file work01.pdb (PDB, C-alpha atoms, pLDDT in the B column)
ATOM      1  CA  MET A 600     -23.421 -30.922  10.168  1.00 38.00           C
ATOM      2  CA  LYS A 601     -23.551 -27.171  10.871  1.00 43.00           C
ATOM      3  CA  LEU A 602     -19.748 -26.985  11.013  1.00 39.00           C
ATOM      4  CA  GLN A 603     -19.513 -28.939   7.769  1.00 43.00           C
ATOM      5  CA  LYS A 604     -21.880 -26.519   6.029  1.00 47.00           C
ATOM      6  CA  GLU A 605     -19.950 -23.508   7.311  1.00 45.00           C
ATOM      7  CA  THR A 606     -16.695 -25.049   6.134  1.00 43.00           C
ATOM      8  CA  GLU A 607     -18.146 -25.752   2.715  1.00 51.00           C
ATOM      9  CA  SER A 608     -19.446 -22.191   2.376  1.00 51.00           C
ATOM     10  CA  HIS A 609     -16.009 -20.768   3.137  1.00 49.00           C
ATOM     11  CA  GLY A 610     -13.799 -23.549   1.803  1.00 49.00           C
ATOM     12  CA  LYS A 611     -14.702 -23.650  -1.867  1.00 67.00           C
ATOM     13  CA  TRP A 612     -11.167 -23.937  -3.138  1.00 73.00           C
ATOM     14  CA  TYR A 613      -9.021 -26.139  -0.971  1.00 85.00           C
ATOM     15  CA  GLN A 614     -11.082 -27.881   1.731  1.00 85.00           C
ATOM     16  CA  ASP A 615      -7.970 -27.437   3.888  1.00 89.00           C
ATOM     17  CA  ALA A 616      -7.938 -26.390   7.551  1.00 89.00           C
ATOM     18  CA  CYS A 617      -4.631 -24.509   7.167  1.00 92.00           C
ATOM     19  CA  GLY A 618      -5.017 -20.801   7.930  1.00 92.00           C
ATOM     20  CA  THR A 619      -2.921 -19.934   4.891  1.00 92.00           C
ATOM     21  CA  ALA A 620      -5.297 -21.884   2.676  1.00 91.00           C
ATOM     22  CA  PHE A 621      -8.273 -20.042   4.148  1.00 91.00           C
ATOM     23  CA  ALA A 622      -6.482 -16.702   3.708  1.00 92.00           C
ATOM     24  CA  MET A 623      -6.109 -17.490   0.013  1.00 91.00           C
ATOM     25  CA  GLU A 624      -9.828 -18.212  -0.178  1.00 91.00           C
ATOM     26  CA  LEU A 625     -10.495 -14.779   1.344  1.00 92.00           C
ATOM     27  CA  VAL A 626      -8.069 -12.646  -0.689  1.00 93.00           C
ATOM     28  CA  GLY A 627      -6.563 -14.988  -3.261  1.00 91.00           C
ATOM     29  CA  GLU A 628      -8.817 -14.132  -6.179  1.00 92.00           C
ATOM     30  CA  ARG A 629      -7.287 -11.794  -8.734  1.00 94.00           C
ATOM     31  CA  TRP A 630      -7.293  -8.155  -7.523  1.00 96.00           C
ATOM     32  CA  SER A 631      -8.577  -8.921  -4.020  1.00 97.00           C
ATOM     33  CA  MET A 632      -5.270  -8.429  -2.214  1.00 96.00           C
ATOM     34  CA  LEU A 633      -4.552  -5.268  -4.195  1.00 97.00           C
ATOM     35  CA  ILE A 634      -7.935  -3.840  -3.194  1.00 98.00           C
ATOM     36  CA  VAL A 635      -7.035  -4.507   0.438  1.00 98.00           C
ATOM     37  CA  ARG A 636      -3.676  -2.824  -0.178  1.00 97.00           C
ATOM     38  CA  GLU A 637      -5.325   0.284  -1.617  1.00 97.00           C
ATOM     39  CA  LEU A 638      -7.575   0.607   1.455  1.00 97.00           C
ATOM     40  CA  MET A 639      -4.727   0.198   3.944  1.00 97.00           C
ATOM     41  CA  LEU A 640      -4.244   3.973   4.391  1.00 96.00           C
ATOM     42  CA  GLY A 641      -7.924   4.821   4.616  1.00 93.00           C
ATOM     43  CA  GLY A 642     -11.271   4.593   2.874  1.00 93.00           C
ATOM     44  CA  ARG A 643     -11.626   5.107  -0.865  1.00 95.00           C
ATOM     45  CA  ARG A 644     -14.457   5.677  -3.277  1.00 94.00           C
ATOM     46  CA  PHE A 645     -15.215   3.189  -6.043  1.00 96.00           C
ATOM     47  CA  SER A 646     -13.783   5.644  -8.599  1.00 95.00           C
ATOM     48  CA  ASP A 647     -10.603   6.054  -6.526  1.00 95.00           C
ATOM     49  CA  LEU A 648     -10.052   2.304  -6.492  1.00 96.00           C
ATOM     50  CA  ARG A 649     -10.535   2.031 -10.239  1.00 95.00           C
ATOM     51  CA  ALA A 650      -8.058   4.864 -10.795  1.00 94.00           C
ATOM     52  CA  SER A 651      -5.463   3.172  -8.571  1.00 94.00           C
ATOM     53  CA  LEU A 652      -6.008  -0.223 -10.239  1.00 95.00           C
ATOM     54  CA  PRO A 653      -6.336   0.723 -13.921  1.00 91.00           C
ATOM     55  CA  GLY A 654      -6.385  -2.891 -15.107  1.00 92.00           C
ATOM     56  CA  ILE A 655      -9.562  -3.814 -13.234  1.00 95.00           C
ATOM     57  CA  SER A 656     -13.026  -3.592 -14.782  1.00 97.00           C
ATOM     58  CA  ALA A 657     -15.993  -2.060 -12.978  1.00 97.00           C
ATOM     59  CA  LYS A 658     -17.686  -5.474 -12.963  1.00 97.00           C
ATOM     60  CA  VAL A 659     -14.769  -7.285 -11.362  1.00 97.00           C
ATOM     61  CA  LEU A 660     -14.195  -4.496  -8.855  1.00 97.00           C
ATOM     62  CA  THR A 661     -17.844  -4.679  -7.810  1.00 97.00           C
ATOM     63  CA  GLU A 662     -17.620  -8.448  -7.435  1.00 96.00           C
ATOM     64  CA  ARG A 663     -14.429  -8.300  -5.375  1.00 97.00           C
ATOM     65  CA  LEU A 664     -15.743  -5.549  -3.112  1.00 97.00           C
ATOM     66  CA  THR A 665     -18.899  -7.550  -2.498  1.00 96.00           C
ATOM     67  CA  GLY A 666     -16.929 -10.692  -1.706  1.00 95.00           C
ATOM     68  CA  LEU A 667     -14.554  -8.895   0.662  1.00 97.00           C
ATOM     69  CA  GLU A 668     -17.472  -7.230   2.410  1.00 96.00           C
ATOM     70  CA  GLU A 669     -19.266 -10.560   2.851  1.00 95.00           C
ATOM     71  CA  ALA A 670     -16.047 -12.019   4.282  1.00 94.00           C
ATOM     72  CA  GLY A 671     -15.819  -9.196   6.842  1.00 96.00           C
ATOM     73  CA  VAL A 672     -12.602  -7.752   5.397  1.00 97.00           C
ATOM     74  CA  LEU A 673     -14.112  -4.400   4.453  1.00 98.00           C
ATOM     75  CA  THR A 674     -17.234  -2.362   4.975  1.00 97.00           C
ATOM     76  CA  ARG A 675     -18.929   0.504   3.210  1.00 94.00           C
ATOM     77  CA  ARG A 676     -20.396   3.729   4.537  1.00 90.00           C
ATOM     78  CA  LYS A 677     -21.849   6.915   3.149  1.00 87.00           C
ATOM     79  CA  LEU A 678     -20.075  10.167   3.896  1.00 80.00           C
ATOM     80  CA  PRO A 679     -22.224  13.010   5.236  1.00 80.00           C
ATOM     81  CA  PRO A 680     -23.032  16.075   3.096  1.00 78.00           C
ATOM     82  CA  PRO A 681     -21.606  17.879   1.271  1.00 76.00           C
ATOM     83  CA  ALA A 682     -19.635  14.817   0.088  1.00 72.00           C
ATOM     84  CA  ALA A 683     -22.630  12.431   0.296  1.00 72.00           C
ATOM     85  CA  THR A 684     -20.696   9.667  -1.434  1.00 85.00           C
ATOM     86  CA  GLN A 685     -20.047   6.031  -0.564  1.00 92.00           C
ATOM     87  CA  VAL A 686     -16.608   4.893   0.537  1.00 95.00           C
ATOM     88  CA  TYR A 687     -15.130   1.464   1.195  1.00 97.00           C
ATOM     89  CA  GLU A 688     -13.030   0.936   4.322  1.00 97.00           C
ATOM     90  CA  LEU A 689     -11.218  -1.970   5.893  1.00 98.00           C
ATOM     91  CA  THR A 690     -12.629  -3.394   9.069  1.00 98.00           C
ATOM     92  CA  GLU A 691     -10.438  -3.615  12.159  1.00 97.00           C
ATOM     93  CA  TRP A 692      -9.691  -7.210  11.141  1.00 97.00           C
ATOM     94  CA  GLY A 693      -9.000  -6.111   7.562  1.00 97.00           C
ATOM     95  CA  TYR A 694      -6.272  -3.714   8.695  1.00 97.00           C
ATOM     96  CA  LEU A 695      -4.497  -6.619  10.391  1.00 97.00           C
ATOM     97  CA  ALA A 696      -3.548  -7.903   6.926  1.00 97.00           C
ATOM     98  CA  GLU A 697      -0.781  -5.295   6.541  1.00 96.00           C
ATOM     99  CA  PRO A 698       2.033  -7.423   8.034  1.00 96.00           C
ATOM    100  CA  ALA A 699       1.065 -10.264   5.685  1.00 95.00           C
ATOM    101  CA  ILE A 700       1.143  -7.884   2.711  1.00 95.00           C
ATOM    102  CA  GLN A 701       4.519  -6.557   3.832  1.00 95.00           C
ATOM    103  CA  GLU A 702       6.103  -9.978   4.253  1.00 95.00           C
ATOM    104  CA  LEU A 703       4.708 -11.232   0.961  1.00 95.00           C
ATOM    105  CA  GLY A 704       6.100  -8.138  -0.779  1.00 94.00           C
ATOM    106  CA  ARG A 705       9.505  -8.511   0.881  1.00 95.00           C
ATOM    107  CA  TRP A 706       9.635 -12.193  -0.080  1.00 96.00           C
ATOM    108  CA  ALA A 707       8.631 -11.575  -3.712  1.00 95.00           C
ATOM    109  CA  ALA A 708      11.060  -8.658  -4.109  1.00 94.00           C
ATOM    110  CA  ARG A 709      13.927 -11.125  -3.682  1.00 95.00           C
ATOM    111  CA  SER A 710      13.040 -12.793  -6.981  1.00 96.00           C
ATOM    112  CA  ARG A 711      15.116 -11.825  -9.985  1.00 94.00           C
ATOM    113  CA  GLU A 712      11.868 -11.695 -11.928  1.00 94.00           C
ATOM    114  CA  HIS A 713      10.596  -8.784  -9.817  1.00 91.00           C
ATOM    115  CA  ASN A 714      10.532  -5.593 -11.869  1.00 88.00           C
ATOM    116  CA  PRO A 715      10.508  -2.456  -9.688  1.00 81.00           C
ATOM    117  CA  GLN A 716      10.150  -0.294 -12.806  1.00 80.00           C
ATOM    118  CA  LEU A 717       6.548  -1.335 -13.382  1.00 85.00           C
ATOM    119  CA  PRO A 718       3.811   1.161 -12.476  1.00 85.00           C
ATOM    120  CA  LEU A 719       2.446   1.200  -8.954  1.00 91.00           C
ATOM    121  CA  SER A 720      -0.023   3.308  -7.035  1.00 95.00           C
ATOM    122  CA  PRO A 721       0.788   6.044  -4.508  1.00 97.00           C
ATOM    123  CA  VAL A 722      -0.564   3.868  -1.682  1.00 97.00           C
ATOM    124  CA  SER A 723       1.631   1.004  -2.831  1.00 96.00           C
ATOM    125  CA  LEU A 724       4.656   3.313  -2.682  1.00 96.00           C
ATOM    126  CA  MET A 725       3.830   4.338   0.883  1.00 97.00           C
ATOM    127  CA  LEU A 726       3.371   0.730   1.985  1.00 97.00           C
ATOM    128  CA  SER A 727       6.547  -0.239   0.166  1.00 96.00           C
ATOM    129  CA  MET A 728       8.499   2.281   2.230  1.00 97.00           C
ATOM    130  CA  ARG A 729       6.933   0.945   5.423  1.00 96.00           C
ATOM    131  CA  THR A 730       8.017  -2.536   4.311  1.00 96.00           C
ATOM    132  CA  MET A 731      11.537  -1.760   3.084  1.00 96.00           C
ATOM    133  CA  LEU A 732      12.598   0.528   5.921  1.00 97.00           C
ATOM    134  CA  VAL A 733      16.022  -0.596   7.151  1.00 96.00           C
ATOM    135  CA  ALA A 734      15.887  -0.228  10.924  1.00 94.00           C
ATOM    136  CA  GLU A 735      19.671   0.064  11.343  1.00 95.00           C
ATOM    137  CA  ALA A 736      19.894   2.823   8.745  1.00 95.00           C
ATOM    138  CA  ALA A 737      16.984   4.665  10.376  1.00 95.00           C
ATOM    139  CA  GLU A 738      18.540   4.656  13.847  1.00 95.00           C
ATOM    140  CA  GLY A 739      18.669   8.228  15.110  1.00 94.00           C
ATOM    141  CA  VAL A 740      16.944   9.615  12.009  1.00 94.00           C
ATOM    142  CA  GLU A 741      13.782  11.613  12.523  1.00 95.00           C
ATOM    143  CA  ALA A 742      11.911  13.479   9.815  1.00 96.00           C
ATOM    144  CA  LYS A 743       8.410  14.327   8.741  1.00 97.00           C
ATOM    145  CA  VAL A 744       8.220  14.154   4.957  1.00 98.00           C
ATOM    146  CA  GLY A 745       5.119  14.906   2.958  1.00 98.00           C
ATOM    147  CA  PHE A 746       4.390  13.392  -0.429  1.00 98.00           C
ATOM    148  CA  ASP A 747       2.150  14.812  -3.123  1.00 98.00           C
ATOM    149  CA  ILE A 748       1.877  12.149  -5.814  1.00 97.00           C
ATOM    150  CA  GLY A 749      -0.444  13.097  -8.622  1.00 94.00           C
ATOM    151  CA  GLY A 750      -2.636  15.009  -6.176  1.00 94.00           C
ATOM    152  CA  GLU A 751      -2.738  12.274  -3.501  1.00 95.00           C
ATOM    153  CA  THR A 752      -1.075  13.502  -0.326  1.00 97.00           C
ATOM    154  CA  PHE A 753       0.542  11.587   2.528  1.00 97.00           C
ATOM    155  CA  LEU A 754       2.591  12.518   5.578  1.00 98.00           C
ATOM    156  CA  ALA A 755       5.264  10.015   6.639  1.00 98.00           C
ATOM    157  CA  HIS A 756       6.799  10.476  10.089  1.00 97.00           C
ATOM    158  CA  LEU A 757      10.084   8.625  10.514  1.00 97.00           C
ATOM    159  CA  HIS A 758      10.951   8.278  14.190  1.00 96.00           C
ATOM    160  CA  ASP A 759      12.183   5.552  16.548  1.00 95.00           C
ATOM    161  CA  GLN A 760      12.881   3.368  13.500  1.00 95.00           C
ATOM    162  CA  GLN A 761       9.166   3.316  12.709  1.00 96.00           C
ATOM    163  CA  LEU A 762       7.288   4.874   9.798  1.00 97.00           C
ATOM    164  CA  PRO A 763       3.630   5.648  10.399  1.00 96.00           C
ATOM    165  CA  VAL A 764       1.979   7.161   7.319  1.00 97.00           C
ATOM    166  CA  ARG A 765      -1.300   9.017   7.129  1.00 95.00           C
ATOM    167  CA  ARG A 766      -3.239  10.256   4.158  1.00 94.00           C
ATOM    168  CA  GLY A 767      -4.208  13.921   4.083  1.00 92.00           C
ATOM    169  CA  GLU A 768      -2.826  17.338   4.912  1.00 93.00           C
ATOM    170  CA  LEU A 769       0.911  18.006   4.815  1.00 96.00           C
ATOM    171  CA  ASP A 770       0.943  20.503   7.693  1.00 93.00           C
ATOM    172  CA  GLY A 771       4.003  20.089   9.882  1.00 94.00           C
ATOM    173  CA  ALA A 772       6.153  18.405   7.223  1.00 97.00           C
ATOM    174  CA  ASP A 773       9.880  19.184   7.338  1.00 97.00           C
ATOM    175  CA  ALA A 774      10.002  18.656   3.592  1.00 98.00           C
ATOM    176  CA  VAL A 775       7.544  17.868   0.825  1.00 98.00           C
ATOM    177  CA  ILE A 776       8.328  15.792  -2.263  1.00 98.00           C
ATOM    178  CA  ARG A 777       5.982  16.353  -5.180  1.00 98.00           C
ATOM    179  CA  ALA A 778       5.805  14.107  -8.254  1.00 97.00           C
ATOM    180  CA  SER A 779       3.176  13.247 -10.829  1.00 96.00           C
ATOM    181  CA  ALA A 780       3.775   9.494 -10.322  1.00 95.00           C
ATOM    182  CA  PRO A 781       5.667   7.219  -7.902  1.00 95.00           C
ATOM    183  CA  LEU A 782       8.482   6.196 -10.280  1.00 94.00           C
ATOM    184  CA  PRO A 783      10.736   9.260  -9.807  1.00 95.00           C
ATOM    185  CA  ILE A 784      10.545   8.761  -6.040  1.00 96.00           C
ATOM    186  CA  LEU A 785      11.356   5.061  -6.434  1.00 94.00           C
ATOM    187  CA  ARG A 786      14.470   6.020  -8.386  1.00 94.00           C
ATOM    188  CA  VAL A 787      15.643   7.978  -5.347  1.00 96.00           C
ATOM    189  CA  ILE A 788      14.764   5.622  -2.501  1.00 95.00           C
ATOM    190  CA  TYR A 789      15.668   2.332  -4.199  1.00 93.00           C
ATOM    191  CA  GLY A 790      17.731   3.373  -7.227  1.00 90.00           C
ATOM    192  CA  LYS A 791      19.833   5.603  -4.957  1.00 90.00           C
ATOM    193  CA  GLN A 792      19.825   8.440  -7.464  1.00 95.00           C
ATOM    194  CA  THR A 793      20.008  11.888  -5.899  1.00 95.00           C
ATOM    195  CA  LEU A 794      17.009  14.110  -5.383  1.00 96.00           C
ATOM    196  CA  GLU A 795      18.831  16.809  -7.321  1.00 96.00           C
ATOM    197  CA  ALA A 796      19.400  14.552 -10.333  1.00 96.00           C
ATOM    198  CA  ILE A 797      15.751  13.542 -10.596  1.00 96.00           C
ATOM    199  CA  GLU A 798      14.661  17.103  -9.876  1.00 96.00           C
ATOM    200  CA  ALA A 799      16.856  18.372 -12.718  1.00 96.00           C
ATOM    201  CA  GLU A 800      15.076  15.963 -15.066  1.00 95.00           C
ATOM    202  CA  GLY A 801      11.731  17.400 -13.984  1.00 95.00           C
ATOM    203  CA  GLY A 802      10.660  14.172 -12.314  1.00 93.00           C
ATOM    204  CA  LEU A 803       9.984  15.638  -8.903  1.00 97.00           C
ATOM    205  CA  LYS A 804      10.194  18.778  -6.801  1.00 97.00           C
ATOM    206  CA  VAL A 805      11.475  19.154  -3.262  1.00 97.00           C
ATOM    207  CA  GLU A 806      10.179  21.843  -0.922  1.00 97.00           C
ATOM    208  CA  GLY A 807      11.386  22.669   2.587  1.00 97.00           C
ATOM    209  CA  ASP A 808      14.291  21.036   4.395  1.00 97.00           C
ATOM    210  CA  ARG A 809      16.226  19.304   1.632  1.00 96.00           C
ATOM    211  CA  GLU A 810      18.647  17.636   4.044  1.00 96.00           C
ATOM    212  CA  ALA A 811      15.731  16.103   5.949  1.00 96.00           C
ATOM    213  CA  ALA A 812      14.391  14.738   2.663  1.00 97.00           C
ATOM    214  CA  ARG A 813      17.816  13.272   1.833  1.00 96.00           C
ATOM    215  CA  ARG A 814      18.133  11.575   5.216  1.00 96.00           C
ATOM    216  CA  PHE A 815      14.629  10.191   4.885  1.00 97.00           C
ATOM    217  CA  CYS A 816      15.237   8.756   1.416  1.00 96.00           C
ATOM    218  CA  SER A 817      18.471   7.058   2.516  1.00 96.00           C
ATOM    219  CA  VAL A 818      16.933   4.548   4.942  1.00 97.00           C
ATOM    220  CA  PHE A 819      15.175   2.227   2.476  1.00 96.00           C
ATOM    221  CA  SER A 820      16.560  -0.735   0.570  1.00 95.00           C
ATOM    222  CA  LEU A 821      15.232  -3.657  -1.420  1.00 93.00           C
ATOM    223  CA  PRO A 822      16.324  -7.097  -0.154  1.00 94.00           C
ATOM    224  CA  ASP A 823      19.089  -9.012  -1.905  1.00 93.00           C
ATOM    225  CA  LYS A 824      18.022 -11.215  -4.796  1.00 94.00           C
ATOM    226  CA  VAL A 825      18.061 -14.972  -4.416  1.00 94.00           C
ATOM    227  CA  ASP A 826      20.638 -16.958  -6.367  1.00 83.00           C
TER     228      ASP A 826
END
call {"tool": "encode", "arguments": {"input": "work01.pdb", "output": "structure tokens"}}
result
Amino acid sequence: MKLQKETESHGKWYQDACGTAFAMELVGERWSMLIVRELMLGGRRFSDLRASLPGISAKVLTERLTGLEEAGVLTRRKLPPPAATQVYELTEWGYLAEPAIQELGRWAARSREHNPQLPLSPVSLMLSMRTMLVAEAAEGVEAKVGFDIGGETFLAHLHDQQLPVRRGELDGADAVIRASAPLPILRVIYGKQTLEAIEAEGGLKVEGDREAARRFCSVFSLPDKVD
């Protein structure tokens, strides 16, 4: 009886023992997976999440955060002074969702209905690069490239065909790419337009080792579309 009650409390949608079905019950409601995505590179304030997900209302965001916290996917904590503000962070288990997010994104990008020109958040761009890194193209390439996207900063370190990304200071970057939004950067890494061409349009600015930035931007590719 206890097991039945626990199953009912967590299995409101499908009543199906499949792990995929349960995953959809955890993060399948509208916006839930995108909230997890936005927390994948570190904790964010409520206002940060709303800014990164402009289509979500405060009410729905509150509801989703509460549900994800109750499910053990995220937690909240208060930063010490002088910040003294509350942030939401993924739990250790919550961070383990990144491979699932990556594979779902790679699978969906093969659809001809996928539109890479739609807006996306800076975090989504960083995770996209982690997902669409072509290991063969990255062989022997090493570079530390910083990104300043509308004031959000990230340092991506390409080495050993891996791409760890951290949010924060850009100290130690070989090159820094600055843009007000992700789209100009997407045009370089996936549209294969040159940094110079987008820079001439005023879409972005490159500082530091330009050749390192070029090498870095050359190792990403979207998967082929399905017939």
call {"tool": "closest_residue", "arguments": {"input": "work01.pdb", "among": "A:Arg711, A:Gln701, A:Leu803, A:Tyr694", "to": "Asp826 of chain A", "atoms": "only C-alpha atoms"}}
result
A:Arg711
call {"tool": "residues_near_point", "arguments": {"input": "work01.pdb", "point": "(0.7, 13.4, -1.4)", "cutoff": "9 Å", "atoms": "all atoms listed in the file", "output": "VMD selection string"}}
result
chain A and resid 721 745 to 754 766 to 769 775 to 778
call {"tool": "write_last_selection", "arguments": {"input": "work01.pdb", "atoms": "C-alpha atoms", "output": "PDB file, keeping the file's coordinate frame"}}
result
ATOM      1  CA  PRO A 721       0.788   6.044  -4.508  1.00 97.00           C
ATOM      2  CA  GLY A 745       5.119  14.906   2.958  1.00 98.00           C
ATOM      3  CA  PHE A 746       4.390  13.392  -0.429  1.00 98.00           C
ATOM      4  CA  ASP A 747       2.150  14.812  -3.123  1.00 98.00           C
ATOM      5  CA  ILE A 748       1.877  12.149  -5.814  1.00 97.00           C
ATOM      6  CA  GLY A 749      -0.444  13.097  -8.622  1.00 94.00           C
ATOM      7  CA  GLY A 750      -2.636  15.009  -6.176  1.00 94.00           C
ATOM      8  CA  GLU A 751      -2.738  12.274  -3.501  1.00 95.00           C
ATOM      9  CA  THR A 752      -1.075  13.502  -0.326  1.00 97.00           C
ATOM     10  CA  PHE A 753       0.542  11.587   2.528  1.00 97.00           C
ATOM     11  CA  LEU A 754       2.591  12.518   5.578  1.00 98.00           C
ATOM     12  CA  ARG A 766      -3.239  10.256   4.158  1.00 94.00           C
ATOM     13  CA  GLY A 767      -4.208  13.921   4.083  1.00 92.00           C
ATOM     14  CA  GLU A 768      -2.826  17.338   4.912  1.00 93.00           C
ATOM     15  CA  LEU A 769       0.911  18.006   4.815  1.00 96.00           C
ATOM     16  CA  VAL A 775       7.544  17.868   0.825  1.00 98.00           C
ATOM     17  CA  ILE A 776       8.328  15.792  -2.263  1.00 98.00           C
ATOM     18  CA  ARG A 777       5.982  16.353  -5.180  1.00 98.00           C
ATOM     19  CA  ALA A 778       5.805  14.107  -8.254  1.00 97.00           C
TER      20      ALA A 778
END
call {"tool": "resolve_selection", "arguments": {"input": "work01.pdb", "expression": "the PyMOL selection byres ((chain A and resi 652) around 12)", "output": "ChimeraX atom specification"}}
result
/A:629-638,645-651,653-657,659-660,718-723
call {"tool": "resolve_selection", "arguments": {"input": "work01.pdb", "expression": "the PyMOL selection byres ((chain A and resi 690) around 6)", "output": "NGL selection string"}}
result
:A and (672-673 or 689 or 691-693)
call {"tool": "atom_distance", "arguments": {"input": "work01.pdb", "atom1": "atom CA of Ala736 of chain A", "atom2": "atom CA of Pro783 of chain A"}}
result
21.7 Å
call {"tool": "atom_distance", "arguments": {"input": "work01.pdb", "atom1": "atom CA of Val744 of chain A", "atom2": "atom CA of Ala774 of chain A"}}
result
5.0 Å
call {"tool": "closest_residue", "arguments": {"input": "work01.pdb", "among": "A:Lys677, A:Arg786, A:Leu640, A:Arg813", "to": "Glu800 of chain A", "atoms": "all atoms listed in the file"}}
result
A:Arg786
call {"tool": "residues_around", "arguments": {"input": "work01.pdb", "residues": "Ser710 of chain A", "least_positions_apart": "6", "cutoff": "9 Å", "atoms": "only C-alpha atoms", "output": "ChimeraX atom specification"}}
result
/A:823-826
call {"tool": "atom_distance", "arguments": {"input": "work01.pdb", "atom1": "atom CA of Thr665 of chain A", "atom2": "atom CA of Gln614 of chain A"}}
result
22.2 Å
call {"tool": "axis_aligned_box", "arguments": {"input": "work01.pdb", "around": "segment 810-819 of chain A", "padding_each_side": "6 Å", "output": "lines of an AutoDock Vina configuration file"}}
result
center_x = 16.5
center_y = 9.9
center_z = 3.7
size_x = 16.3
size_y = 27.4
size_z = 16.5
call {"tool": "resolve_selection", "arguments": {"input": "work01.pdb", "expression": "the PyMOL selection byres ((chain A and resi 729) around 12)", "output": "PDB file with C-alpha atoms, in the coordinates of the input"}}
result
ATOM      1  CA  MET A 639      -4.727   0.198   3.944  1.00 97.00           C
ATOM      2  CA  LEU A 640      -4.244   3.973   4.391  1.00 96.00           C
ATOM      3  CA  GLU A 697      -0.781  -5.295   6.541  1.00 96.00           C
ATOM      4  CA  PRO A 698       2.033  -7.423   8.034  1.00 96.00           C
ATOM      5  CA  ILE A 700       1.143  -7.884   2.711  1.00 95.00           C
ATOM      6  CA  GLN A 701       4.519  -6.557   3.832  1.00 95.00           C
ATOM      7  CA  GLU A 702       6.103  -9.978   4.253  1.00 95.00           C
ATOM      8  CA  GLY A 704       6.100  -8.138  -0.779  1.00 94.00           C
ATOM      9  CA  ARG A 705       9.505  -8.511   0.881  1.00 95.00           C
ATOM     10  CA  VAL A 722      -0.564   3.868  -1.682  1.00 97.00           C
ATOM     11  CA  SER A 723       1.631   1.004  -2.831  1.00 96.00           C
ATOM     12  CA  LEU A 724       4.656   3.313  -2.682  1.00 96.00           C
ATOM     13  CA  MET A 725       3.830   4.338   0.883  1.00 97.00           C
ATOM     14  CA  LEU A 726       3.371   0.730   1.985  1.00 97.00           C
ATOM     15  CA  SER A 727       6.547  -0.239   0.166  1.00 96.00           C
ATOM     16  CA  MET A 728       8.499   2.281   2.230  1.00 97.00           C
ATOM     17  CA  THR A 730       8.017  -2.536   4.311  1.00 96.00           C
ATOM     18  CA  MET A 731      11.537  -1.760   3.084  1.00 96.00           C
ATOM     19  CA  LEU A 732      12.598   0.528   5.921  1.00 97.00           C
ATOM     20  CA  VAL A 733      16.022  -0.596   7.151  1.00 96.00           C
ATOM     21  CA  ALA A 734      15.887  -0.228  10.924  1.00 94.00           C
ATOM     22  CA  ALA A 737      16.984   4.665  10.376  1.00 95.00           C
ATOM     23  CA  ALA A 755       5.264  10.015   6.639  1.00 98.00           C
ATOM     24  CA  HIS A 756       6.799  10.476  10.089  1.00 97.00           C
ATOM     25  CA  LEU A 757      10.084   8.625  10.514  1.00 97.00           C
ATOM     26  CA  GLN A 760      12.881   3.368  13.500  1.00 95.00           C
ATOM     27  CA  GLN A 761       9.166   3.316  12.709  1.00 96.00           C
ATOM     28  CA  LEU A 762       7.288   4.874   9.798  1.00 97.00           C
ATOM     29  CA  PRO A 763       3.630   5.648  10.399  1.00 96.00           C
ATOM     30  CA  VAL A 764       1.979   7.161   7.319  1.00 97.00           C
ATOM     31  CA  ARG A 765      -1.300   9.017   7.129  1.00 95.00           C
ATOM     32  CA  VAL A 818      16.933   4.548   4.942  1.00 97.00           C
ATOM     33  CA  PHE A 819      15.175   2.227   2.476  1.00 96.00           C
ATOM     34  CA  SER A 820      16.560  -0.735   0.570  1.00 95.00           C
ATOM     35  CA  LEU A 821      15.232  -3.657  -1.420  1.00 93.00           C
TER      36      LEU A 821
END
call {"tool": "closest_residue", "arguments": {"input": "work01.pdb", "among": "A:Ala699, A:Val740, A:Val805, A:Ala683", "to": "Met623 of chain A", "atoms": "all atoms listed in the file"}}
result
A:Ala699
call {"tool": "closest_residue", "arguments": {"input": "work01.pdb", "among": "A:Lys743, A:Thr793, A:Lys804, A:Ile788", "to": "Cys816 of chain A", "atoms": "all atoms listed in the file"}}
result
A:Ile788
call {"tool": "closest_residue", "arguments": {"input": "work01.pdb", "among": "A:Gly807, A:Gly618, A:Glu741, A:Leu717", "to": "Pro781 of chain A", "atoms": "all atoms listed in the file"}}
result
A:Leu717
call {"tool": "closest_residue", "arguments": {"input": "work01.pdb", "among": "A:Trp706, A:Asp770, A:Gly739, A:Ala799", "to": "Arg814 of chain A", "atoms": "all atoms listed in the file"}}
result
A:Gly739
call {"tool": "decode", "arguments": {"input": "work01.pdb", "residues": "segment 670-676 of chain A", "atoms": "N, CA and C atoms", "output": "mmCIF file, in the first residue's frame"}}
result
data_model
loop_
_atom_site.group_PDB
_atom_site.id
_atom_site.type_symbol
_atom_site.label_atom_id
_atom_site.label_comp_id
_atom_site.auth_asym_id
_atom_site.auth_seq_id
_atom_site.Cartn_x
_atom_site.Cartn_y
_atom_site.Cartn_z
ATOM 1 N N ALA A 670 10.638 17.905 -6.082
ATOM 2 C CA ALA A 670 11.092 16.674 -6.730
ATOM 3 C C ALA A 670 12.566 16.399 -6.465
ATOM 4 N N GLY A 671 13.276 17.344 -5.853
ATOM 5 C CA GLY A 671 14.695 17.147 -5.559
ATOM 6 C C GLY A 671 15.621 17.523 -6.689
ATOM 7 N N VAL A 672 15.084 18.193 -7.719
ATOM 8 C CA VAL A 672 15.895 18.578 -8.881
ATOM 9 C C VAL A 672 16.714 19.835 -8.582
ATOM 10 N N LEU A 673 16.144 20.744 -7.813
ATOM 11 C CA LEU A 673 16.853 21.972 -7.478
ATOM 12 C C LEU A 673 16.646 22.304 -6.006
ATOM 13 N N THR A 674 17.432 23.249 -5.547
ATOM 14 C CA THR A 674 17.322 23.736 -4.184
ATOM 15 C C THR A 674 17.481 25.239 -4.207
ATOM 16 N N ARG A 675 17.177 25.863 -3.100
ATOM 17 C CA ARG A 675 17.352 27.314 -3.005
ATOM 18 C C ARG A 675 18.198 27.636 -1.782
ATOM 19 N N ARG A 676 18.963 28.723 -1.880
ATOM 20 C CA ARG A 676 19.750 29.171 -0.742
ATOM 21 C C ARG A 676 19.878 30.687 -0.798
#
